[in-house]
Number of protein chains: 2
Amino acid sequence: MSEYLLCPRNLSFELYEVHQAHALLERERFAMHNRAAFDETINRARRIASDLFAPHYRQSDETEPQLVDGAAVLLPEVRPAVEAFVAGGFLGATRDHEQGGLQLPHLITQACFAHFQSANVGTANYPFLAIGVAGLIDSFGSPEQKRLFLQPLLEGRYFGSMSMTEPDAGSALTELTSSATPQPDGSYLIRGCKTFISAGDHPLGENILHMVLARLPDAPAGAHGISLFIVPKFLVSADGSRGPSNGVTLRALLHKMGWRGSTTATLGFGDQAPCTGYLLGQPNQGLSYMFQMMNAARISTGMGATMLGYAGYLYALDYARHRRQGRSPSGTAVAIVEHADVRRLLLAQKAYVEGAFDLLLYGARLLDDSQTLTGEARQQARQRLDLLTPVIKSWPSEFCLKANELAVQTLGGYGFTRDHPVEQHYRDNRVNAIHEGTNGIQSLDLLGRKIGQHGGDSFNQLLQLIDDTCSRSEAFASLQPLRAPLQQLQQRVQAVSRSLLDDEDSERALANSALYLKVFGHLVIGWRWLEQATRAEEGLARGNPADSGFYRGKLRAARYFLSWEVPGCQHELNLLETRDDTCLGMQESWF
Amino acid sequence: MSEYLLCPRNLSFELYEVHQAHALLERERFAMHNRAAFDETINRARRIASDLFAPHYRQSDETEPQLVDGAAVLLPEVRPAVEAFVAGGFLGATRDHEQGGLQLPHLITQACFAHFQSANVGTANYPFLAIGVAGLIDSFGSPEQKRLFLQPLLEGRYFGSMSMTEPDAGSALTELTSSATPQPDGSYLIRGCKTFISAGDHPLGENILHMVLARLPDAPAGAHGISLFIVPKFLVSADGSRGPSNGVTLRALLHKMGWRGSTTATLGFGDQAPCTGYLLGQPNQGLSYMFQMMNAARISTGMGATMLGYAGYLYALDYARHRRQGRSPSGTAVAIVEHADVRRLLLAQKAYVEGAFDLLLYGARLLDDSQTLTGEARQQARQRLDLLTPVIKSWPSEFCLKANELAVQTLGGYGFTRDHPVEQHYRDNRVNAIHEGTNGIQSLDLLGRKIGQHGGDSFNQLLQLIDDTCSRSEAFASLQPLRAPLQQLQQRVQAVSRSLLDDEDSERALANSALYLKVFGHLVIGWRWLEQATRAEEGLARGNPADSGFYRGKLRAARYFLSWEVPGCQHELNLLETRDDTCLGMQESWF
């Protein structure tokens with residue numbers, strides 16, 4: 001199955017020709033590695049993903065988690081896959097050696113994780129949530145909490161969930177009503193209901209640590225009155241041994257269109273028995289702690305969306321190369337990849353998924369820079385990642401979903417059957433525009449907060465980087481037709497952004513934020529494609545015939561994105577520029 | 001459930017304000033009807049759809065047809081629904097009174113059928129196929145074939161299938177290999193395999209008449225060597241009584257992403273026992289017979305796609321009016337319909353589904369005109385319907401699917417669960433860009449055949465009709481900003497079409513036919529929206545306060561389509577104009 005996971009040539013292009021993974025070896029934190037070690041780790045991920053994650057992808061869709069005797073029962077194949085992930089060291093891929101981690105860059109780690117997401121995004125979700133919870137406890141937990149909870153997480157004995165959403169508080173998270181009442185022993189009694197909780201129950205480990213957002217009795221209303229609690233499924237004794245159940249009830253499992261391999265639960269806290277939680281960090285800081293993990297979580301969401309699109313593309317491409325149907329204009333029977341319209345379907349998919357994949361690795365590289373560079377460069381990397389996070393999360397969820405739609409179309413009627421995986425990719429991917437903050441929320445985050453942050457510094461630095469790429473691309477005359485539409489888009493995005501930021505009527509300025517997210521996203525992906533195209537020209541210039549087709553494909557996909565997709569944004573910029581109020585002015589009673 | 005089927009106010013607007021259904025009453029064929037009779041029939045359809053089709057929509061997805069002992073077993077709820085459809089007279093809705101039909105216009109019939117498709121597209125498919133088969137036998141059958149086969153179809157005792165596709169001949173239908181060998185008694189022995197056969201097996205009636213495309217022994221290769229046969233599941237004696245099985249094997253049921261309520265079968269003909277078929281009409285005319293039914297079949301596909309989008313929109317709208325989440329800019333808790341971005345999601349859905357619905361009824365009206373007008377007007381109507389058929393089939397399958405995607409988004413996480421129907425609408429609708437000729441095929445049909453047909457007369461007449469609508473819209477100054485982008489689009493489509501038709505390099509001219517289909521479709525839907533807007537202004541001018549919100553909503557949706565969607569086509573026209581060869585020039589080895 002590994003041929004559909006991720007194209008190895010593209011991965012090495014991304015890591016070593018675009019994102020300069022070898023340059024990371026010069027940093028102290030990564031000095032013990034070398035390229036062979038990076039590649040060996042990636043190959044290990046590929047092997048585990050191929051051998052243990054991919055084979056039950058379809059089955060985990062057909063056999064959703066079942067609620068039996070109050071607990072979620074999973075497909076048996078999930079456990080050995082997760083155990084291999086743990087045994088492969090991936091839980092601690094980015095952690096320090098002295099914590100038992102691999103101390104790898106995020107760039108390499110994301111390249112590994114991409115394989116698991118491509119193979120089976122539902123099963124991958126269980127260890128991914130454990131990694132997220134470990135990150136929270138590591139950052140904000142007390143020494144005692146780290147001793148009791150962090151260590152078993154890192155060993156793959158405990159798992160975790162992010163218990164944020166409530167039935168009436170999803171996008172409006174700050175309206176949540178779960179409560180935490182202090183107990184004499186310093187712990188808290190937790191009461192409330194959480195829903196849409198990924199990995200909210202399963203039998204994979206000894207315990208599940210729910211990270212629960214709740215309000216203290218005296219907490220102020222709104223965002224600044226929310227605290228974060230560790231609520232274990234089973235209580236843990238001081239010596240680390242597992243105690244009795246802790247009053248967390250699995251009220252229901254949600255039945256979804258896709259992502260069925262991953263448990264999505266409604267949990268009750270304190271329904272029938274007292275439920276004990278432990279405050280993480282300071283009171284009323286819960287949301288800010290959660291948001292500090294959000295960049296990483298949203299990279300994960302974006303990578304998941306990207307890899308579903310990527311897996312569908314590789315499958316559709318293989319199908320199109322082998323399925324014979326119709327004749328060429330000269331009358332010979334041909335594989336469908338020879339038809340112009342099928343090439344369009346495939347080229348669009350390639351442009352979307354390889355564009356998104358490049359951005360996701362760029363995001364991972366920024367995460368590395370924000371942790372291993374120093375001074376201003378470090379701060380700039382963190383701020384740039386903040387700026388790009390809404391795009392990283394939302395762009396793949398829209399355009400790699402589109403890629404999945406086109407993969408189904410490539411297979412025709414067969415694509416609509418469950419005999420091929422492309423329909424499952426499509427269903428699975430639909431969630432990504434919704435969870436981890438809907439794309440509507442992302443658009444408000446981008447235009448209402450991120451663009452103007454730090455006096456617009458991050459945005460201006462991004463524009464400068466785009467200029468730099470444009471300048472470097474001038475070394476190749478062939479890239480002029482690709483550069484021109486990007487520069488036109490950049491100039492207008494700059495001007496329109498400025499005018500939106502200066503608009504005193506913020507409701508009007510934000511009303512079309514969805515359009516802004518789209519054009520800003522296309523600017524970023526267009527930039528990444530010009531960067532890829534420049535690297536491809538450099539590669540071609542090295543003259544290795546075995547690489548020539550690969551580089552020409554890169555140039556063609558770049559051309560597709562920059563000449564078929566990017567110029568279309570001008571119209572959306574007109575709407576933004578004129579503060580078009582077609583949607584804003586629509587009245588409820590007119591529908 | 002009827003509140004989600006179809007907005008009655010919009011239906012009466014379409015029938016009596018836009019498409020002038022009452023004018024049909026002046027034609028001899030429809031003179032026995034009146035508006036009350038039209039409305040009564042529509043209400044009957046609505047009631048049956050609501051009471052008997054809608055309730056098992058979800059269940060027919062959860063319980064797909066099962067293959068048991070060589071036959072397809074359906075959900076028990078399907079039978080009473082289909083029986084009520086038959087008892088309601090809908091099998092013969094458009095047929096002559098003397099055949100036992102209701103002799104209704106297609107316009108009214110499609111308004112009825114829309115309700116069944118909105119309620120349960122899978123169940124509706126069984127009687128719809130019987131209607132299609134009856135149409136074929138009525139048009140091309142011998143008197144004996146009509147006696148034996150047509151009458152029981154019209155009575156709802158027999159059902160039917162269109163057995164065209166083979167495992168290796170789908171889009172390339174002319175490559176089919178099923179064979180028909182003449183027998184001494186004038187019948188034929190049929191051998192072959194057909195797949196993706198909708199309603200290919202089920203226990204609803206006494207018999208199933210498969211309309212099978214096959215080749216005679218001496219048939220020429222290609223499209224002109226294909227004949228059409230009636231192949232009953234059970235042989236029929238000369239007295240009409242049902243005889244033994246006829247060697248049609250249900251090899252498999254296909255398991256699909258959606259449309260699960262409708263059986264999709266792989267059938268073997270002559271696998272284990274001899275299989276007898278009866279030639280319909282003349283030898284080697286099979287494809288042309290099938291294509292004469294195609295306009296009607298593609299209207300049905302387009303209406304199915306439209307109604308899935310429409311049902312999703314109405315559900316999402318209702319949800320958005322009741323779900324409270326977040327606060328208005330002034331801080332009050334609000335229903336989500338108050339958020340600008342949710343209004344955008346809903347307004348886009350409204351523009352897509354009501355635009356498509358208007359076009360579908362326009363197509364039905366053209367079918368009426370092509371049968372009940374005389375002379376040149378009759379011919380023009382038929383040719384215009386030919387021209388518009390690729391748009392009628394494909395535009396809703398793309399943009400009403402987009403509406404479904406936005407309906408899921410409107411519900412957020414809940415939209416991704418199977419507790420709400422919007423995810424099923426989305427899955428069900430995905431097939432419509434594929435079956436009845438993929439959208440790629442439609443684009444070649446439009447640009448490669450239809451636009452230039454009859455020396456371009458149909459196309460020129462369409463442009464004239466758009467001019468007429470523009471002229472009438474000039475009565476309302478408010479419509480100028482809606483008219484301007486339509487006229488700009490029209491002028492360029494006209495110029496670009498001319499240059500594509502004149503291009504001597506047909507491969508190059510057709511390479512971007514998908515873009516052409518998109519912009520031509522937007523021209524047509526934009527025209528329909530300007531027509532609707534003009535009618536809405538006329539309605540507003542009548543001054544009935546109860547209608548004011550409805551008309552203002554129409555104007556707003558028209559504005560959305562004409563100012564948010566239509567201008568974006570200019571970029572695609574640039575690509576067509578310059579014969580951009582980005583996709584055409586992509587090589588297989590570069591992927």
# chains A, B, ... in the order shown; residues from 1 in each chain; ligands from 1
call {"tool": "residues_around", "arguments": {"residues": "Ala381 of chain B", "least_positions_apart": "2", "cutoff": "9 Å", "atoms": "only C-alpha atoms", "output": "list of chain:residue names"}}
result
B:Arg365, B:Leu366, B:Leu367, B:Asp368, B:Asp369, B:Ser370, B:Gln371, B:Leu373, B:Glu376, B:Ala377, B:Arg378, B:Gln379, B:Gln383, B:Arg384, B:Leu385, B:Asp386, B:Ser458
call {"tool": "select_by_dssp", "arguments": {"residues": "segment 49-134 of chain A", "states": "helix (DSSP H, G or I)", "output": "mmCIF file with N, CA, C and O atoms, in the first residue's frame"}}
result
data_model
loop_
_atom_site.group_PDB
_atom_site.id
_atom_site.type_symbol
_atom_site.label_atom_id
_atom_site.label_comp_id
_atom_site.auth_asym_id
_atom_site.auth_seq_id
_atom_site.Cartn_x
_atom_site.Cartn_y
_atom_site.Cartn_z
ATOM 1 N N ALA A 49 3.422 2.817 8.867
ATOM 2 C CA ALA A 49 2.170 3.320 8.283
ATOM 3 C C ALA A 49 1.646 2.356 7.233
ATOM 4 O O ALA A 49 0.450 2.062 7.165
ATOM 5 N N SER A 50 2.548 1.874 6.424
ATOM 6 C CA SER A 50 2.150 0.989 5.338
ATOM 7 C C SER A 50 1.708 -0.378 5.853
ATOM 8 O O SER A 50 0.709 -0.939 5.406
ATOM 9 N N ASP A 51 2.451 -0.903 6.830
ATOM 10 C CA ASP A 51 2.169 -2.267 7.300
ATOM 11 C C ASP A 51 1.032 -2.335 8.299
ATOM 12 O O ASP A 51 0.305 -3.325 8.338
ATOM 13 N N LEU A 52 0.886 -1.307 9.131
ATOM 14 C CA LEU A 52 -0.059 -1.443 10.247
ATOM 15 C C LEU A 52 -1.177 -0.406 10.259
ATOM 16 O O LEU A 52 -2.205 -0.629 10.900
ATOM 17 N N PHE A 53 -1.002 0.726 9.599
ATOM 18 C CA PHE A 53 -2.069 1.734 9.581
ATOM 19 C C PHE A 53 -2.944 1.588 8.337
ATOM 20 O O PHE A 53 -4.164 1.566 8.417
ATOM 21 N N ALA A 54 -2.299 1.502 7.173
ATOM 22 C CA ALA A 54 -3.072 1.482 5.924
ATOM 23 C C ALA A 54 -4.010 0.278 5.813
ATOM 24 O O ALA A 54 -5.146 0.430 5.336
ATOM 25 N N PRO A 55 -3.595 -0.923 6.222
ATOM 26 C CA PRO A 55 -4.446 -2.075 5.915
ATOM 27 C C PRO A 55 -5.840 -2.021 6.533
ATOM 28 O O PRO A 55 -6.754 -2.620 5.991
ATOM 29 N N HIS A 56 -6.018 -1.323 7.650
ATOM 30 C CA HIS A 56 -7.374 -1.309 8.227
ATOM 31 C C HIS A 56 -8.084 0.038 8.010
ATOM 32 O O HIS A 56 -9.062 0.339 8.685
ATOM 33 N N TYR A 57 -7.603 0.808 7.034
ATOM 34 C CA TYR A 57 -8.249 2.106 6.778
ATOM 35 C C TYR A 57 -9.717 1.911 6.401
ATOM 36 O O TYR A 57 -10.615 2.545 6.962
ATOM 37 N N ARG A 58 -9.977 1.047 5.454
ATOM 38 C CA ARG A 58 -11.365 0.828 5.042
ATOM 39 C C ARG A 58 -12.167 0.181 6.174
ATOM 40 O O ARG A 58 -13.286 0.599 6.465
ATOM 41 N N GLN A 59 -11.565 -0.803 6.816
ATOM 42 C CA GLN A 59 -12.313 -1.520 7.847
ATOM 43 C C GLN A 59 -12.685 -0.611 9.019
ATOM 44 O O GLN A 59 -13.745 -0.765 9.614
ATOM 45 N N SER A 60 -11.812 0.344 9.332
ATOM 46 C CA SER A 60 -12.128 1.229 10.457
ATOM 47 C C SER A 60 -13.250 2.194 10.092
ATOM 48 O O SER A 60 -13.866 2.806 10.957
ATOM 49 N N ASP A 61 -13.525 2.323 8.803
ATOM 50 C CA ASP A 61 -14.688 3.092 8.373
ATOM 51 C C ASP A 61 -15.947 2.241 8.481
ATOM 52 O O ASP A 61 -16.996 2.713 8.911
ATOM 53 N N GLU A 62 -15.824 0.993 8.097
ATOM 54 C CA GLU A 62 -16.996 0.109 8.107
ATOM 55 C C GLU A 62 -17.384 -0.299 9.522
ATOM 56 O O GLU A 62 -18.551 -0.529 9.806
ATOM 57 N N VAL A 78 -6.433 -1.542 15.588
ATOM 58 C CA VAL A 78 -5.942 -0.218 15.990
ATOM 59 C C VAL A 78 -4.786 -0.352 16.989
ATOM 60 O O VAL A 78 -3.782 0.359 16.903
ATOM 61 N N ARG A 79 -4.932 -1.292 17.919
ATOM 62 C CA ARG A 79 -3.943 -1.398 18.997
ATOM 63 C C ARG A 79 -2.534 -1.699 18.483
ATOM 64 O O ARG A 79 -1.589 -0.955 18.823
ATOM 65 N N PRO A 80 -2.334 -2.750 17.688
ATOM 66 C CA PRO A 80 -0.950 -2.996 17.222
ATOM 67 C C PRO A 80 -0.376 -1.835 16.405
ATOM 68 O O PRO A 80 0.838 -1.588 16.451
ATOM 69 N N ALA A 81 -1.245 -1.113 15.688
ATOM 70 C CA ALA A 81 -0.745 0.038 14.926
ATOM 71 C C ALA A 81 -0.224 1.110 15.880
ATOM 72 O O ALA A 81 0.886 1.633 15.719
ATOM 73 N N VAL A 82 -1.022 1.414 16.909
ATOM 74 C CA VAL A 82 -0.615 2.441 17.871
ATOM 75 C C VAL A 82 0.613 1.978 18.658
ATOM 76 O O VAL A 82 1.531 2.757 18.928
ATOM 77 N N GLU A 83 0.651 0.698 18.988
ATOM 78 C CA GLU A 83 1.820 0.175 19.717
ATOM 79 C C GLU A 83 3.097 0.305 18.880
ATOM 80 O O GLU A 83 4.167 0.630 19.405
ATOM 81 N N ALA A 84 2.969 0.069 17.584
ATOM 82 C CA ALA A 84 4.149 0.215 16.722
ATOM 83 C C ALA A 84 4.581 1.677 16.617
ATOM 84 O O ALA A 84 5.779 1.985 16.561
ATOM 85 N N PHE A 85 3.595 2.565 16.609
ATOM 86 C CA PHE A 85 3.889 4.001 16.608
ATOM 87 C C PHE A 85 4.690 4.349 17.865
ATOM 88 O O PHE A 85 5.706 5.065 17.809
ATOM 89 N N VAL A 86 4.232 3.833 19.003
ATOM 90 C CA VAL A 86 4.908 4.102 20.271
ATOM 91 C C VAL A 86 6.303 3.478 20.263
ATOM 92 O O VAL A 86 7.308 4.130 20.576
ATOM 93 N N ALA A 87 6.372 2.208 19.857
ATOM 94 C CA ALA A 87 7.659 1.506 19.843
ATOM 95 C C ALA A 87 8.647 2.171 18.883
ATOM 96 O O ALA A 87 9.863 2.140 19.105
ATOM 97 N N PHE A 90 7.798 7.531 18.094
ATOM 98 C CA PHE A 90 7.192 8.728 17.518
ATOM 99 C C PHE A 90 6.433 9.585 18.519
ATOM 100 O O PHE A 90 6.224 10.771 18.277
ATOM 101 N N LEU A 91 6.015 9.003 19.656
ATOM 102 C CA LEU A 91 5.373 9.829 20.680
ATOM 103 C C LEU A 91 6.303 10.941 21.130
ATOM 104 O O LEU A 91 5.868 12.047 21.417
ATOM 105 N N GLY A 92 7.586 10.620 21.204
ATOM 106 C CA GLY A 92 8.565 11.606 21.672
ATOM 107 C C GLY A 92 9.465 12.088 20.547
ATOM 108 O O GLY A 92 10.616 12.446 20.791
ATOM 109 N N HIS A 97 16.319 14.163 24.106
ATOM 110 C CA HIS A 97 16.910 12.845 24.364
ATOM 111 C C HIS A 97 16.777 12.438 25.815
ATOM 112 O O HIS A 97 16.446 11.308 26.128
ATOM 113 N N GLU A 98 17.014 13.390 26.716
ATOM 114 C CA GLU A 98 17.016 13.003 28.133
ATOM 115 C C GLU A 98 15.633 12.661 28.659
ATOM 116 O O GLU A 98 15.502 12.013 29.687
ATOM 117 N N GLN A 99 14.585 13.060 27.906
ATOM 118 C CA GLN A 99 13.230 12.622 28.246
ATOM 119 C C GLN A 99 12.889 11.311 27.543
ATOM 120 O O GLN A 99 11.747 10.873 27.559
ATOM 121 N N HIS A 106 10.836 19.440 14.076
ATOM 122 C CA HIS A 106 9.428 19.317 13.675
ATOM 123 C C HIS A 106 9.320 19.019 12.179
ATOM 124 O O HIS A 106 8.409 18.321 11.745
ATOM 125 N N LEU A 107 10.230 19.565 11.409
ATOM 126 C CA LEU A 107 10.193 19.346 9.962
ATOM 127 C C LEU A 107 10.235 17.852 9.638
ATOM 128 O O LEU A 107 9.431 17.351 8.845
ATOM 129 N N ILE A 108 11.162 17.156 10.269
ATOM 130 C CA ILE A 108 11.289 15.715 10.019
ATOM 131 C C ILE A 108 10.113 14.963 10.654
ATOM 132 O O ILE A 108 9.569 14.016 10.093
ATOM 133 N N THR A 109 9.728 15.418 11.846
ATOM 134 C CA THR A 109 8.611 14.771 12.538
ATOM 135 C C THR A 109 7.343 14.858 11.711
ATOM 136 O O THR A 109 6.610 13.867 11.569
ATOM 137 N N GLN A 110 7.067 16.025 11.158
ATOM 138 C CA GLN A 110 5.850 16.166 10.349
ATOM 139 C C GLN A 110 5.931 15.306 9.085
ATOM 140 O O GLN A 110 4.922 14.780 8.619
ATOM 141 N N ALA A 111 7.127 15.182 8.547
ATOM 142 C CA ALA A 111 7.286 14.301 7.377
ATOM 143 C C ALA A 111 6.964 12.862 7.755
ATOM 144 O O ALA A 111 6.365 12.116 6.972
ATOM 145 N N CYS A 112 7.337 12.476 8.970
ATOM 146 C CA CYS A 112 6.964 11.136 9.458
ATOM 147 C C CYS A 112 5.456 11.044 9.655
ATOM 148 O O CYS A 112 4.801 10.108 9.183
ATOM 149 N N PHE A 113 4.910 12.008 10.383
ATOM 150 C CA PHE A 113 3.485 11.957 10.736
ATOM 151 C C PHE A 113 2.601 11.955 9.486
ATOM 152 O O PHE A 113 1.532 11.361 9.475
ATOM 153 N N ALA A 114 3.060 12.655 8.452
ATOM 154 C CA ALA A 114 2.281 12.714 7.217
ATOM 155 C C ALA A 114 1.959 11.310 6.708
ATOM 156 O O ALA A 114 0.877 11.062 6.178
ATOM 157 N N HIS A 115 2.890 10.388 6.886
ATOM 158 C CA HIS A 115 2.649 9.019 6.416
ATOM 159 C C HIS A 115 1.498 8.358 7.181
ATOM 160 O O HIS A 115 0.683 7.650 6.594
ATOM 161 N N PHE A 116 1.473 8.575 8.486
ATOM 162 C CA PHE A 116 0.388 7.960 9.271
ATOM 163 C C PHE A 116 -0.959 8.560 8.891
ATOM 164 O O PHE A 116 -1.970 7.866 8.805
ATOM 165 N N GLN A 117 -0.969 9.875 8.658
ATOM 166 C CA GLN A 117 -2.232 10.533 8.309
ATOM 167 C C GLN A 117 -2.707 10.113 6.921
ATOM 168 O O GLN A 117 -3.894 9.984 6.671
ATOM 169 N N SER A 118 -1.751 9.904 6.042
ATOM 170 C CA SER A 118 -2.106 9.446 4.708
ATOM 171 C C SER A 118 -2.662 8.023 4.755
ATOM 172 O O SER A 118 -3.589 7.676 4.027
ATOM 173 N N ALA A 119 -2.081 7.216 5.626
ATOM 174 C CA ALA A 119 -2.467 5.801 5.678
ATOM 175 C C ALA A 119 -3.784 5.588 6.412
ATOM 176 O O ALA A 119 -4.619 4.782 5.996
ATOM 177 N N ASN A 120 -3.975 6.320 7.516
ATOM 178 C CA ASN A 120 -5.152 6.069 8.343
ATOM 179 C C ASN A 120 -5.293 7.187 9.370
ATOM 180 O O ASN A 120 -4.792 7.103 10.491
ATOM 181 N N VAL A 121 -6.004 8.211 8.961
ATOM 182 C CA VAL A 121 -6.067 9.426 9.776
ATOM 183 C C VAL A 121 -6.803 9.175 11.088
ATOM 184 O O VAL A 121 -6.506 9.823 12.104
ATOM 185 N N GLY A 122 -7.711 8.226 11.100
ATOM 186 C CA GLY A 122 -8.469 7.944 12.324
ATOM 187 C C GLY A 122 -7.606 7.293 13.384
ATOM 188 O O GLY A 122 -7.585 7.715 14.551
ATOM 189 N N THR A 123 -6.849 6.283 12.997
ATOM 190 C CA THR A 123 -5.983 5.594 13.959
ATOM 191 C C THR A 123 -4.855 6.512 14.416
ATOM 192 O O THR A 123 -4.474 6.505 15.597
ATOM 193 N N ALA A 124 -4.338 7.321 13.502
ATOM 194 C CA ALA A 124 -3.257 8.239 13.860
ATOM 195 C C ALA A 124 -3.686 9.219 14.942
ATOM 196 O O ALA A 124 -2.871 9.719 15.720
ATOM 197 N N ASN A 125 -4.973 9.476 14.991
ATOM 198 C CA ASN A 125 -5.483 10.483 15.903
ATOM 199 C C ASN A 125 -5.260 10.124 17.379
ATOM 200 O O ASN A 125 -5.086 11.010 18.211
ATOM 201 N N TYR A 126 -5.266 8.851 17.709
ATOM 202 C CA TYR A 126 -5.103 8.465 19.130
ATOM 203 C C TYR A 126 -3.732 8.856 19.672
ATOM 204 O O TYR A 126 -3.647 9.560 20.685
ATOM 205 N N PRO A 127 -2.633 8.447 19.051
ATOM 206 C CA PRO A 127 -1.346 8.908 19.589
ATOM 207 C C PRO A 127 -1.137 10.416 19.436
ATOM 208 O O PRO A 127 -0.487 11.033 20.294
ATOM 209 N N PHE A 128 -1.701 11.003 18.385
ATOM 210 C CA PHE A 128 -1.522 12.446 18.206
ATOM 211 C C PHE A 128 -2.109 13.213 19.393
ATOM 212 O O PHE A 128 -1.540 14.207 19.844
ATOM 213 N N LEU A 129 -3.264 12.776 19.880
ATOM 214 C CA LEU A 129 -3.857 13.480 21.021
ATOM 215 C C LEU A 129 -3.025 13.279 22.279
ATOM 216 O O LEU A 129 -2.912 14.186 23.114
ATOM 217 N N ALA A 130 -2.431 12.100 22.418
ATOM 218 C CA ALA A 130 -1.540 11.882 23.567
ATOM 219 C C ALA A 130 -0.369 12.859 23.510
ATOM 220 O O ALA A 130 0.054 13.410 24.535
ATOM 221 N N ILE A 131 0.142 13.086 22.303
ATOM 222 C CA ILE A 131 1.268 14.029 22.148
ATOM 223 C C ILE A 131 0.827 15.452 22.538
ATOM 224 O O ILE A 131 1.550 16.171 23.230
ATOM 225 N N GLY A 132 -0.377 15.816 22.124
ATOM 226 C CA GLY A 132 -0.875 17.154 22.453
ATOM 227 C C GLY A 132 -1.053 17.346 23.953
ATOM 228 O O GLY A 132 -0.655 18.378 24.509
ATOM 229 N N VAL A 133 -1.604 16.350 24.617
ATOM 230 C CA VAL A 133 -1.819 16.440 26.063
ATOM 231 C C VAL A 133 -0.471 16.470 26.789
ATOM 232 O O VAL A 133 -0.268 17.246 27.741
ATOM 233 N N ALA A 134 0.455 15.657 26.317
ATOM 234 C CA ALA A 134 1.793 15.666 26.935
ATOM 235 C C ALA A 134 2.411 17.052 26.817
ATOM 236 O O ALA A 134 3.039 17.551 27.766
#
call {"tool": "atom_distance", "arguments": {"atom1": "atom CA of Ala223 of chain A", "atom2": "atom CA of Pro274 of chain A"}}
result
26.1 Å
call {"tool": "select_by_dssp", "arguments": {"residues": "segment 182-211 of chain A", "states": "strand (DSSP E)", "output": "list in words"}}
result
Pro182, Tyr188, Leu189, Ile190, Arg191, Gly192, Cys193, Lys194, Thr195, Phe196, Ile197, Ser198, Asn207, Ile208, Leu209, His210 and Met211 of chain A
call {"tool": "atom_distance", "arguments": {"atom1": "atom CA of Ile451 of chain B", "atom2": "atom CA of Cys583 of chain B"}}
result
22.7 Å
call {"tool": "closest_residue", "arguments": {"among": "B:Val73, B:Ala169, B:Ala484, B:Leu250", "to": "chain A", "atoms": "only C-alpha atoms"}}
result
B:Ala169
call {"tool": "closest_atom_pairs", "arguments": {"of": "chain A", "to": "chain B", "cutoff": "6 Å", "atoms": "only C-alpha atoms", "output": "tab-separated table"}}
result
residue	atom	partner	partner_atom	distance
A:Ala172	CA	B:Gly326	CA	4.9
A:His255	CA	B:Thr417	CA	5.5
A:Lys256	CA	B:Thr417	CA	4.0
A:Met257	CA	B:Phe416	CA	5.7
A:Gln325	CA	B:Ala172	CA	5.9
A:Gly326	CA	B:Ala172	CA	4.9
A:Ala340	CA	B:Leu584	CA	5.3
A:Arg343	CA	B:Cys583	CA	6.0
A:Arg344	CA	B:Cys583	CA	5.1
A:Gly412	CA	B:Ile434	CA	5.8
A:Phe416	CA	B:Met257	CA	5.7
A:Thr417	CA	B:Lys256	CA	4.0
A:Arg418	CA	B:Lys256	CA	5.3
A:Ile434	CA	B:Gly412	CA	5.8
A:Ala511	CA	B:Ala340	CA	5.7
A:Gly549	CA	B:Trp590	CA	4.5
A:Phe550	CA	B:Trp590	CA	5.5
A:Gly553	CA	B:Trp590	CA	4.3
A:Gly568	CA	B:His571	CA	5.7
A:His571	CA	B:Gly568	CA	5.7
A:Cys583	CA	B:Arg344	CA	5.1
A:Leu584	CA	B:Ala340	CA	5.3
A:Trp590	CA	B:Gly553	CA	4.3
A:Phe591	CA	B:Gly553	CA	5.5
call {"tool": "closest_residue", "arguments": {"among": "A:Ala364, A:Leu154, A:Ala297, A:Ala475", "to": "His19 of chain A", "atoms": "only C-alpha atoms"}}
result
A:Ala364
call {"tool": "atom_distance", "arguments": {"atom1": "atom CA of Ser497 of chain B", "atom2": "atom CA of Arg449 of chain B"}}
result
12.1 Å
call {"tool": "closest_residue", "arguments": {"among": "B:Ser227, B:Gln380, B:Gln349, B:Gln461", "to": "Asn284 of chain B", "atoms": "only C-alpha atoms"}}
result
B:Ser227
call {"tool": "residues_around", "arguments": {"residues": "segment 156-158 of chain B", "least_positions_apart": "6", "cutoff": "7 Å", "atoms": "only C-alpha atoms", "output": "PyMOL selection string"}}
result
chain B and resi 86+205-208
call {"tool": "residues_around", "arguments": {"residues": "segment 519-526 of chain A", "least_positions_apart": "2", "cutoff": "8 Å", "atoms": "only C-alpha atoms", "output": "ChimeraX atom specification"}}
result
/A:355-356,359,391,395,486,489-490,493,515-517,528-530,558,561-562,565-566,569,572-573
